[in-house]
Amino acid sequence: MDNHESIRSRSPVAGLPRCRLSFVEVLGQSVAAVAPSAVMVTVPVLILSAAGHATVPVFVATTFLFLAVGYCITQFSTRMVAVSGIYSYTVKGLGAGAGVFAGWSVMIGYAGAAMASTLGAGAYLAALLNRVGVRDSPLVVALLTLAVGAVALALMIRGIKLSARISLAIEMFAVVAAAVVLTVLAVRGGSTSGASSDVHDAPGFALLLATTAFVGFESATTVAREAKRPFETVTRAVRWSPLALGVLYVFAAVAQSGHQVAGGNAAPIVLSLPGSSGPGSTVLSVVLELGITASWFACVIGSCTALSRTLFAMGREGVLPPVLGKTHKRFRTPTVALLASVPVITVVPVVYLLVVGSARSTLVGLLAVSAHGYICAYLLVCVGAPVFLRRIGESGRLPTIIGIGTAAAFVGIIVWAALTIDAPVWIATITYAALVAAGMAVFLIRRRIEPRLPEQVGVFDETTADQVLNDYDPWQVLR
């Protein structure tokens, strides 16, 4: 048999465009999914209550932890172009069962983050409108959340390049706004009211909370098919994102440490700057609220983009209905996956909000479930990296040490946090467990219908016969 006869005539992920996104746009996908500016003004203050003067070391340690996670992920991104990131990577490392588990976990992470972000954007928009006389209420927040979801959906259907550029520009503005406000606060010696926590002297919980500040950084791997020079650009984005985020968070922690954290146990979702009645402080408050609103919106786009690509891959494989694997004929985006997921992502937090009546409680609950999904997926991909390298004959001591050590560190943080905090984390744990169990049940049912399904999972972009025989440039991805 000739060599070209074993090459596919059509890529398993055909339909998505190739070579559209520059490195900056790929990096923007990772940054948008994290919402760093929103993290900068909220998480460090919460960690101050749990870790005190150890807040900065906590962020430094967490930065190194996620640099290790990025190292494990790049063992895959330098060798394959996947559209579902961690899902496909774990399949190649640990097999179909563990891979599907990781896929559902990371989709729960993306979906939870997207739900929280639509609500966060709606809540901060409501706060801004309240300044011009529109009364803030759960109904107003719900309507604005629906509007945020609709705008984000339209942008993502229109095309990945457009949504990537918009989300990157938005996030750059948001980070600058947050940095300016935090710098002014540090110079003035103010405090961030309303951001207090009822958890004190709990370093284990502080580490767990700090990990949530980085989740989503790997989402650049889900646009590998659409990136120019994917082996290079995606790997650079995954490798450098944790470091850039760590620098921002350490700066935010330094700016906020040493200032009194005021307020009660029930912190509102909208943080107020001290002395907001003064003209200067009012300006800072508006800048901060605009920045965080923009950051939440960018996170909606980043998280939904990653989620839709994973749904698209599962549809192409047959793990989920094949219709999810269809793309728009003109825009070449996974339209069906977006239309199936974004309305759910928008409606669920609205219903949750109207039932609970508290934007803050809804946000915290969604982020807790999301964190479970991300951390479990990171655990599996870190364990899978050295196994994958061994399977392809490229095993080494360093990947094994880093992969197993990072997975063990995550387990240690989770156990330490569970033993040092009295909080209803079990609610999020049960919700996550139920969702991932439902996903695995779907996989088992479809495997009984299609016995060869495990052999079909973990699709990635492959060279096709016409590219090899006609105009394929083998150096295209390396330039």
# chains A, B, ... in the order shown; residues from 1 in each chain; ligands from 1
call {"tool": "closest_atom_pairs", "arguments": {"of": "range 155-189 of chain A", "to": "range 37-59 of chain A", "cutoff": "9 Å", "atoms": "only C-alpha atoms", "output": "Markdown table"}}
result
| residue | atom | partner | partner_atom | distance |
| --- | --- | --- | --- | --- |
| A:Glu171 | CA | A:Ser37 | CA | 7.5 |
| A:Met172 | CA | A:Ser37 | CA | 8.9 |
| A:Ala174 | CA | A:Ser37 | CA | 5.7 |
| A:Val175 | CA | A:Ser37 | CA | 4.7 |
| A:Val176 | CA | A:Ser37 | CA | 8.1 |
| A:Ala177 | CA | A:Ser37 | CA | 8.0 |
| A:Ala178 | CA | A:Ser37 | CA | 5.8 |
| A:Ala179 | CA | A:Ser37 | CA | 8.0 |
| A:Leu182 | CA | A:Val41 | CA | 7.7 |
call {"tool": "write_last_selection", "arguments": {"atoms": "C-alpha atoms", "output": "short mmCIF file (atom, residue, chain, number, x, y, z; two decimals), in the first residue's frame"}}
result
data_model
loop_
_atom_site.label_atom_id
_atom_site.label_comp_id
_atom_site.auth_asym_id
_atom_site.auth_seq_id
_atom_site.Cartn_x
_atom_site.Cartn_y
_atom_site.Cartn_z
CA GLU A 171 -9.34 42.60 28.50
CA MET A 172 -6.42 44.95 27.86
CA ALA A 174 -9.90 46.05 31.88
CA VAL A 175 -6.42 45.15 33.13
CA VAL A 176 -5.18 48.71 32.70
CA ALA A 177 -8.25 50.06 34.52
CA ALA A 178 -7.80 47.64 37.42
CA ALA A 179 -4.08 48.40 37.64
CA LEU A 182 -5.18 49.53 42.59
#
call {"tool": "closest_residue", "arguments": {"among": "A:Ile86, A:Leu65, A:Ile292, A:Ala32", "to": "Val100 in chain A", "atoms": "only C-alpha atoms"}}
result
A:Ile86
call {"tool": "residues_around", "arguments": {"residues": "range 111-125 of chain A", "least_positions_apart": "6", "cutoff": "6 Å", "atoms": "only C-alpha atoms", "output": "PDB file with N, CA and C atoms, in the first residue's frame"}}
result
ATOM      1  N   VAL A 141     -30.759  42.888  36.747  1.00  0.00           N
ATOM      2  CA  VAL A 141     -29.547  42.089  36.527  1.00  0.00           C
ATOM      3  C   VAL A 141     -29.849  40.932  35.588  1.00  0.00           C
ATOM      4  N   LEU A 144     -30.167  42.185  31.967  1.00  0.00           N
ATOM      5  CA  LEU A 144     -28.858  42.557  31.435  1.00  0.00           C
ATOM      6  C   LEU A 144     -28.007  41.310  31.170  1.00  0.00           C
ATOM      7  N   THR A 145     -28.144  40.291  31.997  1.00  0.00           N
ATOM      8  CA  THR A 145     -27.422  39.034  31.787  1.00  0.00           C
ATOM      9  C   THR A 145     -27.844  38.386  30.476  1.00  0.00           C
ATOM     10  N   THR A 293     -16.650  44.959  34.313  1.00  0.00           N
ATOM     11  CA  THR A 293     -17.708  44.575  33.359  1.00  0.00           C
ATOM     12  C   THR A 293     -17.100  44.067  32.065  1.00  0.00           C
ATOM     13  N   TRP A 296     -15.506  40.585  32.587  1.00  0.00           N
ATOM     14  CA  TRP A 296     -16.501  39.504  32.635  1.00  0.00           C
ATOM     15  C   TRP A 296     -17.004  39.183  31.226  1.00  0.00           C
ATOM     16  N   PHE A 297     -17.236  40.220  30.435  1.00  0.00           N
ATOM     17  CA  PHE A 297     -17.741  39.980  29.075  1.00  0.00           C
ATOM     18  C   PHE A 297     -16.706  39.228  28.242  1.00  0.00           C
ATOM     19  N   VAL A 300     -16.802  35.646  29.108  1.00  0.00           N
ATOM     20  CA  VAL A 300     -17.921  34.929  28.476  1.00  0.00           C
ATOM     21  C   VAL A 300     -17.493  34.419  27.103  1.00  0.00           C
ATOM     22  N   SER A 303     -14.580  31.648  27.451  1.00  0.00           N
ATOM     23  CA  SER A 303     -15.053  30.371  27.991  1.00  0.00           C
ATOM     24  C   SER A 303     -16.001  29.668  27.026  1.00  0.00           C
ATOM     25  N   ILE A 345     -26.173  28.589  29.030  1.00  0.00           N
ATOM     26  CA  ILE A 345     -25.234  29.333  29.868  1.00  0.00           C
ATOM     27  C   ILE A 345     -25.828  30.660  30.332  1.00  0.00           C
ATOM     28  N   PRO A 349     -27.919  30.903  35.025  1.00  0.00           N
ATOM     29  CA  PRO A 349     -27.654  31.875  36.096  1.00  0.00           C
ATOM     30  C   PRO A 349     -28.814  32.825  36.349  1.00  0.00           C
ATOM     31  N   LEU A 363     -23.057  33.844  41.980  1.00  0.00           N
ATOM     32  CA  LEU A 363     -21.720  33.886  41.402  1.00  0.00           C
ATOM     33  C   LEU A 363     -20.785  32.911  42.103  1.00  0.00           C
ATOM     34  N   LEU A 366     -21.631  29.205  41.236  1.00  0.00           N
ATOM     35  CA  LEU A 366     -21.222  28.820  39.883  1.00  0.00           C
ATOM     36  C   LEU A 366     -19.707  28.672  39.773  1.00  0.00           C
ATOM     37  N   SER A 370     -17.426  25.364  38.836  1.00  0.00           N
ATOM     38  CA  SER A 370     -16.457  25.508  37.757  1.00  0.00           C
ATOM     39  C   SER A 370     -15.061  25.095  38.207  1.00  0.00           C
TER      40      SER A 370
END
call {"tool": "closest_residue", "arguments": {"among": "A:Val24, A:Leu320, A:Val336, A:Val215", "to": "Ile166 in chain A", "atoms": "only C-alpha atoms"}}
result
A:Val24
call {"tool": "residues_around", "arguments": {"residues": "range 404-414 of chain A", "least_positions_apart": "6", "cutoff": "9 Å", "atoms": "only C-alpha atoms", "output": "number ranges by chain"}}
result
A: 65-66, 68-69, 204-205, 207-208, 375-376, 378-383, 386
call {"tool": "write_last_selection", "arguments": {"atoms": "all heavy atoms", "output": "short mmCIF file (atom, residue, chain, number, x, y, z; two decimals), in the first residue's frame"}}
result
data_model
loop_
_atom_site.label_atom_id
_atom_site.label_comp_id
_atom_site.auth_asym_id
_atom_site.auth_seq_id
_atom_site.Cartn_x
_atom_site.Cartn_y
_atom_site.Cartn_z
N LEU A 65 2.92 26.58 40.37
CA LEU A 65 2.09 25.38 40.18
C LEU A 65 1.50 25.37 38.77
O LEU A 65 1.52 24.34 38.08
CB LEU A 65 0.98 25.35 41.23
CG LEU A 65 -0.02 24.19 41.12
CD1 LEU A 65 0.67 22.86 41.36
CD2 LEU A 65 -1.17 24.39 42.12
N PHE A 66 1.00 26.51 38.33
CA PHE A 66 0.36 26.55 37.01
C PHE A 66 1.37 26.63 35.87
O PHE A 66 1.06 26.25 34.74
CB PHE A 66 -0.66 27.68 36.94
CG PHE A 66 -1.98 27.28 37.52
CD1 PHE A 66 -2.23 27.42 38.86
CD2 PHE A 66 -2.95 26.70 36.72
CE1 PHE A 66 -3.43 27.01 39.42
CE2 PHE A 66 -4.16 26.30 37.26
CZ PHE A 66 -4.41 26.44 38.61
N ALA A 68 3.85 24.69 35.99
CA ALA A 68 4.04 23.24 35.86
C ALA A 68 2.90 22.61 35.07
O ALA A 68 3.12 21.72 34.23
CB ALA A 68 4.16 22.61 37.24
N VAL A 69 1.66 23.06 35.32
CA VAL A 69 0.53 22.56 34.55
C VAL A 69 0.72 22.90 33.07
O VAL A 69 0.50 22.07 32.18
CB VAL A 69 -0.80 23.16 35.06
CG1 VAL A 69 -1.96 22.72 34.17
CG2 VAL A 69 -1.07 22.74 36.50
N GLY A 204 -4.61 26.68 53.63
CA GLY A 204 -5.01 25.68 52.65
C GLY A 204 -6.12 26.19 51.76
O GLY A 204 -6.09 26.03 50.53
N PHE A 205 -7.12 26.84 52.38
CA PHE A 205 -8.20 27.42 51.60
C PHE A 205 -7.68 28.55 50.73
O PHE A 205 -8.13 28.73 49.59
CB PHE A 205 -9.30 27.94 52.53
CG PHE A 205 -10.38 28.69 51.83
CD1 PHE A 205 -11.30 28.04 51.03
CD2 PHE A 205 -10.48 30.08 51.95
CE1 PHE A 205 -12.30 28.73 50.37
CE2 PHE A 205 -11.48 30.78 51.29
CZ PHE A 205 -12.39 30.10 50.50
N LEU A 207 -4.76 28.77 49.29
CA LEU A 207 -4.14 28.18 48.11
C LEU A 207 -5.18 27.69 47.11
O LEU A 207 -5.04 27.89 45.91
CB LEU A 207 -3.24 27.01 48.54
CG LEU A 207 -1.83 27.37 49.01
CD1 LEU A 207 -1.17 26.15 49.64
CD2 LEU A 207 -1.00 27.90 47.85
N LEU A 208 -6.25 27.06 47.63
CA LEU A 208 -7.30 26.59 46.75
C LEU A 208 -7.97 27.76 46.04
O LEU A 208 -8.25 27.70 44.83
CB LEU A 208 -8.34 25.79 47.54
CG LEU A 208 -9.49 25.19 46.73
CD1 LEU A 208 -8.96 24.18 45.72
CD2 LEU A 208 -10.52 24.54 47.65
N ILE A 375 -10.01 21.79 38.07
CA ILE A 375 -8.95 21.13 38.84
C ILE A 375 -8.88 19.64 38.53
O ILE A 375 -7.79 19.07 38.38
CB ILE A 375 -9.16 21.39 40.35
CG1 ILE A 375 -8.87 22.87 40.65
CG2 ILE A 375 -8.26 20.49 41.19
CD1 ILE A 375 -9.15 23.28 42.08
N CYS A 376 -10.03 18.98 38.41
CA CYS A 376 -10.03 17.55 38.07
C CYS A 376 -9.44 17.32 36.67
O CYS A 376 -8.70 16.36 36.45
CB CYS A 376 -11.44 16.98 38.16
SG CYS A 376 -12.05 16.81 39.85
N TYR A 378 -7.20 19.28 35.16
CA TYR A 378 -5.76 19.52 35.25
C TYR A 378 -5.04 18.32 35.88
O TYR A 378 -3.94 17.95 35.46
CB TYR A 378 -5.48 20.77 36.08
CG TYR A 378 -5.93 22.07 35.45
CD1 TYR A 378 -6.27 23.16 36.23
CD2 TYR A 378 -6.00 22.20 34.07
CE1 TYR A 378 -6.68 24.35 35.66
CE2 TYR A 378 -6.41 23.39 33.49
CZ TYR A 378 -6.75 24.47 34.30
OH TYR A 378 -7.15 25.65 33.74
N LEU A 379 -5.64 17.73 36.89
CA LEU A 379 -5.07 16.54 37.52
C LEU A 379 -4.83 15.44 36.48
O LEU A 379 -3.74 14.85 36.41
CB LEU A 379 -6.01 16.02 38.61
CG LEU A 379 -5.83 16.52 40.04
CD1 LEU A 379 -7.02 16.13 40.89
CD2 LEU A 379 -4.56 15.93 40.63
N LEU A 380 -5.84 15.18 35.68
CA LEU A 380 -5.76 14.10 34.71
C LEU A 380 -4.75 14.39 33.60
O LEU A 380 -4.00 13.50 33.19
CB LEU A 380 -7.14 13.82 34.11
CG LEU A 380 -8.14 13.17 35.07
CD1 LEU A 380 -9.54 13.16 34.47
CD2 LEU A 380 -7.70 11.74 35.40
N VAL A 381 -4.72 15.61 33.11
CA VAL A 381 -3.80 15.91 32.01
C VAL A 381 -2.35 15.89 32.50
O VAL A 381 -1.44 15.50 31.75
CB VAL A 381 -4.14 17.26 31.34
CG1 VAL A 381 -3.65 18.44 32.15
CG2 VAL A 381 -3.58 17.31 29.92
N CYS A 382 -2.13 16.26 33.76
CA CYS A 382 -0.76 16.20 34.32
C CYS A 382 -0.30 14.76 34.48
O CYS A 382 0.86 14.44 34.21
CB CYS A 382 -0.71 16.92 35.67
SG CYS A 382 -0.81 18.73 35.54
N VAL A 383 -1.20 13.89 34.92
CA VAL A 383 -0.86 12.47 35.02
C VAL A 383 -0.67 11.87 33.62
O VAL A 383 0.20 11.02 33.40
CB VAL A 383 -1.95 11.70 35.79
CG1 VAL A 383 -1.68 10.19 35.75
CG2 VAL A 383 -2.01 12.18 37.24
N PRO A 386 3.23 12.32 31.16
CA PRO A 386 4.34 11.35 31.09
C PRO A 386 3.93 10.01 30.47
O PRO A 386 4.75 9.36 29.81
CB PRO A 386 4.75 11.18 32.56
CG PRO A 386 3.58 11.62 33.36
CD PRO A 386 2.92 12.69 32.55
#
call {"tool": "residues_around", "arguments": {"residues": "Gly439 in chain A", "least_positions_apart": "4", "cutoff": "7 Å", "atoms": "only C-alpha atoms", "output": "list of chain:residue names"}}
result
A:Trp104, A:Leu435, A:Phe443
call {"tool": "atom_distance", "arguments": {"atom1": "CA of Ser295 in chain A", "atom2": "CA of Thr235 in chain A"}}
result
23.7 Å
call {"tool": "residues_around", "arguments": {"residues": "Gln75 in chain A", "least_positions_apart": "5", "cutoff": "10 Å", "atoms": "only C-alpha atoms", "output": "mmCIF file with C-alpha atoms, in the first residue's frame"}}
result
data_model
loop_
_atom_site.group_PDB
_atom_site.id
_atom_site.type_symbol
_atom_site.label_atom_id
_atom_site.label_comp_id
_atom_site.auth_asym_id
_atom_site.auth_seq_id
_atom_site.Cartn_x
_atom_site.Cartn_y
_atom_site.Cartn_z
ATOM 1 C CA GLY A 70 1.400 24.539 31.423
ATOM 2 C CA MET A 80 -0.701 17.514 18.016
ATOM 3 C CA TYR A 89 -4.762 15.354 25.268
ATOM 4 C CA THR A 235 2.534 26.388 23.090
ATOM 5 C CA CYS A 382 -0.763 16.204 34.316
ATOM 6 C CA GLY A 384 -1.443 11.778 31.328
ATOM 7 C CA ALA A 385 1.552 13.773 30.040
ATOM 8 C CA PRO A 386 4.337 11.348 31.089
ATOM 9 C CA PHE A 388 1.685 9.937 26.598
ATOM 10 C CA LEU A 389 5.404 10.548 26.175
ATOM 11 C CA PRO A 399 8.074 15.238 32.580
#
call {"tool": "atom_distance", "arguments": {"atom1": "CA of Ile392 in chain A", "atom2": "CA of Glu232 in chain A"}}
result
20.1 Å
call {"tool": "atom_distance", "arguments": {"atom1": "CA of Phe231 in chain A", "atom2": "CA of Leu21 in chain A"}}
result
12.7 Å
call {"tool": "residues_around", "arguments": {"residues": "Gly103 in chain A", "least_positions_apart": "2", "cutoff": "12 Å", "atoms": "only C-alpha atoms", "output": "PyMOL selection string"}}
result
chain A and resi 83-91+95-101+105-110+222+306-307+309-314+319-320+373-374+376-378+380-381+435-436+439-440+443+457-458
call {"tool": "closest_residue", "arguments": {"among": "A:Val287, A:Ala213, A:Ala252, A:Ala437", "to": "Val34 in chain A", "atoms": "only C-alpha atoms"}}
result
A:Ala213
call {"tool": "closest_residue", "arguments": {"among": "A:Ser308, A:Gly403, A:Val181, A:Ala368", "to": "Ile427 in chain A", "atoms": "only C-alpha atoms"}}
result
A:Ala368
call {"tool": "closest_residue", "arguments": {"among": "A:Phe173, A:Arg225, A:Gly396, A:Ala142", "to": "Arg18 in chain A", "atoms": "only C-alpha atoms"}}
result
A:Arg225
call {"tool": "select_by_dssp", "arguments": {"residues": "range 218-392 of chain A", "states": "helix (DSSP H, G or I)", "output": "number ranges by chain"}}
result
A: 218-223, 230-256, 279-317, 322-325, 335-356, 359-391
call {"tool": "write_last_selection", "arguments": {"atoms": "C-alpha atoms", "output": "short mmCIF file (atom, residue, chain, number, x, y, z; two decimals), in the first residue's frame"}}
result
data_model
loop_
_atom_site.label_atom_id
_atom_site.label_comp_id
_atom_site.auth_asym_id
_atom_site.auth_seq_id
_atom_site.Cartn_x
_atom_site.Cartn_y
_atom_site.Cartn_z
CA GLU A 218 -5.09 26.62 28.77
CA SER A 219 -8.08 27.48 26.56
CA ALA A 220 -5.72 28.56 23.77
CA THR A 221 -5.37 24.85 23.02
CA THR A 222 -8.99 24.76 21.82
CA VAL A 223 -8.24 27.13 18.92
CA PRO A 230 -0.21 26.17 16.02
CA PHE A 231 2.68 24.12 17.44
CA GLU A 232 4.47 27.36 18.19
CA THR A 233 1.73 29.90 18.97
CA VAL A 234 -0.46 27.69 21.16
CA THR A 235 2.53 26.39 23.09
CA ARG A 236 3.84 29.90 23.72
CA ALA A 237 0.41 31.06 24.90
CA VAL A 238 0.05 28.16 27.33
CA ARG A 239 3.62 28.51 28.54
CA TRP A 240 3.60 32.25 29.19
CA SER A 241 0.01 32.89 30.33
CA PRO A 242 0.52 31.63 33.93
CA LEU A 243 3.62 33.80 34.32
CA ALA A 244 1.89 36.94 33.04
CA LEU A 245 -1.14 36.25 35.23
CA GLY A 246 1.08 35.60 38.24
CA VAL A 247 2.81 38.96 37.80
CA LEU A 248 -0.55 40.75 37.68
CA TYR A 249 -1.85 38.94 40.76
CA VAL A 250 1.30 39.52 42.81
CA PHE A 251 1.09 43.21 41.90
CA ALA A 252 -2.57 43.28 42.98
CA ALA A 253 -1.76 41.46 46.22
CA VAL A 254 1.07 43.87 47.04
CA ALA A 255 -1.16 46.86 46.25
CA GLN A 256 -3.93 45.60 48.53
CA PRO A 279 -15.63 63.16 43.07
CA GLY A 280 -12.24 61.51 42.65
CA SER A 281 -13.38 58.29 44.26
CA THR A 282 -16.53 58.25 42.16
CA VAL A 283 -14.42 58.42 39.03
CA LEU A 284 -12.28 55.55 40.29
CA SER A 285 -15.38 53.53 41.11
CA VAL A 286 -16.77 54.03 37.61
CA VAL A 287 -13.43 53.10 36.03
CA LEU A 288 -13.24 49.98 38.18
CA GLU A 289 -16.80 48.92 37.39
CA LEU A 290 -16.29 49.51 33.65
CA GLY A 291 -13.11 47.48 33.72
CA ILE A 292 -14.61 44.54 35.58
CA THR A 293 -17.71 44.58 33.36
CA ALA A 294 -15.45 44.41 30.32
CA SER A 295 -13.41 41.60 31.88
CA TRP A 296 -16.50 39.50 32.63
CA PHE A 297 -17.74 39.98 29.08
CA ALA A 298 -14.39 38.91 27.62
CA CYS A 299 -14.50 35.86 29.88
CA VAL A 300 -17.92 34.93 28.48
CA ILE A 301 -16.46 34.91 24.96
CA GLY A 302 -13.28 33.07 25.97
CA SER A 303 -15.05 30.37 27.99
CA CYS A 304 -17.84 29.81 25.46
CA THR A 305 -15.33 29.61 22.61
CA ALA A 306 -13.44 26.85 24.41
CA LEU A 307 -16.65 25.07 25.40
CA SER A 308 -18.06 25.12 21.86
CA ARG A 309 -14.86 23.65 20.40
CA THR A 310 -14.96 20.77 22.88
CA LEU A 311 -18.64 20.12 22.10
CA PHE A 312 -17.76 20.28 18.40
CA ALA A 313 -15.06 17.62 18.84
CA MET A 314 -17.37 15.32 20.81
CA GLY A 315 -20.00 15.71 18.11
CA ARG A 316 -17.51 14.75 15.40
CA GLU A 317 -16.46 11.68 17.39
CA PRO A 322 -23.18 14.48 15.45
CA VAL A 323 -25.16 17.66 14.76
CA LEU A 324 -22.91 19.42 17.29
CA GLY A 325 -20.02 18.85 14.89
CA THR A 335 -22.68 27.32 15.19
CA VAL A 336 -24.77 24.38 16.41
CA ALA A 337 -22.54 23.91 19.46
CA LEU A 338 -22.79 27.64 20.21
CA LEU A 339 -26.57 27.73 19.74
CA ALA A 340 -26.93 24.67 21.98
CA SER A 341 -24.68 25.93 24.80
CA VAL A 342 -24.86 29.73 25.03
CA PRO A 343 -28.64 29.95 25.71
CA VAL A 344 -28.23 27.42 28.53
CA ILE A 345 -25.23 29.33 29.87
CA THR A 346 -27.31 32.52 29.88
CA VAL A 347 -30.60 31.15 31.25
CA VAL A 348 -29.24 29.00 34.10
CA PRO A 349 -27.65 31.88 36.10
CA VAL A 350 -30.76 33.99 35.49
CA VAL A 351 -33.03 31.28 36.95
CA TYR A 352 -30.56 30.70 39.79
CA LEU A 353 -30.49 34.44 40.52
CA LEU A 354 -34.28 34.84 40.50
CA VAL A 355 -34.65 31.87 42.87
CA VAL A 356 -31.85 32.80 45.26
CA ALA A 359 -26.08 37.89 42.71
CA ARG A 360 -23.14 37.21 45.00
CA SER A 361 -24.43 33.80 46.16
CA THR A 362 -25.17 32.82 42.57
CA LEU A 363 -21.72 33.89 41.40
CA VAL A 364 -19.89 32.05 44.20
CA GLY A 365 -21.92 28.87 43.63
CA LEU A 366 -21.22 28.82 39.88
CA LEU A 367 -17.51 29.50 40.35
CA ALA A 368 -17.24 26.73 42.95
CA VAL A 369 -18.67 24.16 40.53
CA SER A 370 -16.46 25.51 37.76
CA ALA A 371 -13.34 25.18 39.92
CA HIS A 372 -14.11 21.50 40.56
CA GLY A 373 -14.23 20.84 36.82
CA TYR A 374 -11.01 22.66 36.02
CA ILE A 375 -8.95 21.13 38.84
CA CYS A 376 -10.03 17.55 38.07
CA ALA A 377 -9.19 18.07 34.39
CA TYR A 378 -5.76 19.52 35.25
CA LEU A 379 -5.07 16.54 37.52
CA LEU A 380 -5.76 14.10 34.71
CA VAL A 381 -3.80 15.91 32.01
CA CYS A 382 -0.76 16.20 34.32
CA VAL A 383 -0.86 12.47 35.02
CA GLY A 384 -1.44 11.78 31.33
CA ALA A 385 1.55 13.77 30.04
CA PRO A 386 4.34 11.35 31.09
CA VAL A 387 2.19 8.37 30.03
CA PHE A 388 1.68 9.94 26.60
CA LEU A 389 5.40 10.55 26.18
CA ARG A 390 6.15 6.97 27.15
CA ARG A 391 3.64 5.71 24.58
#
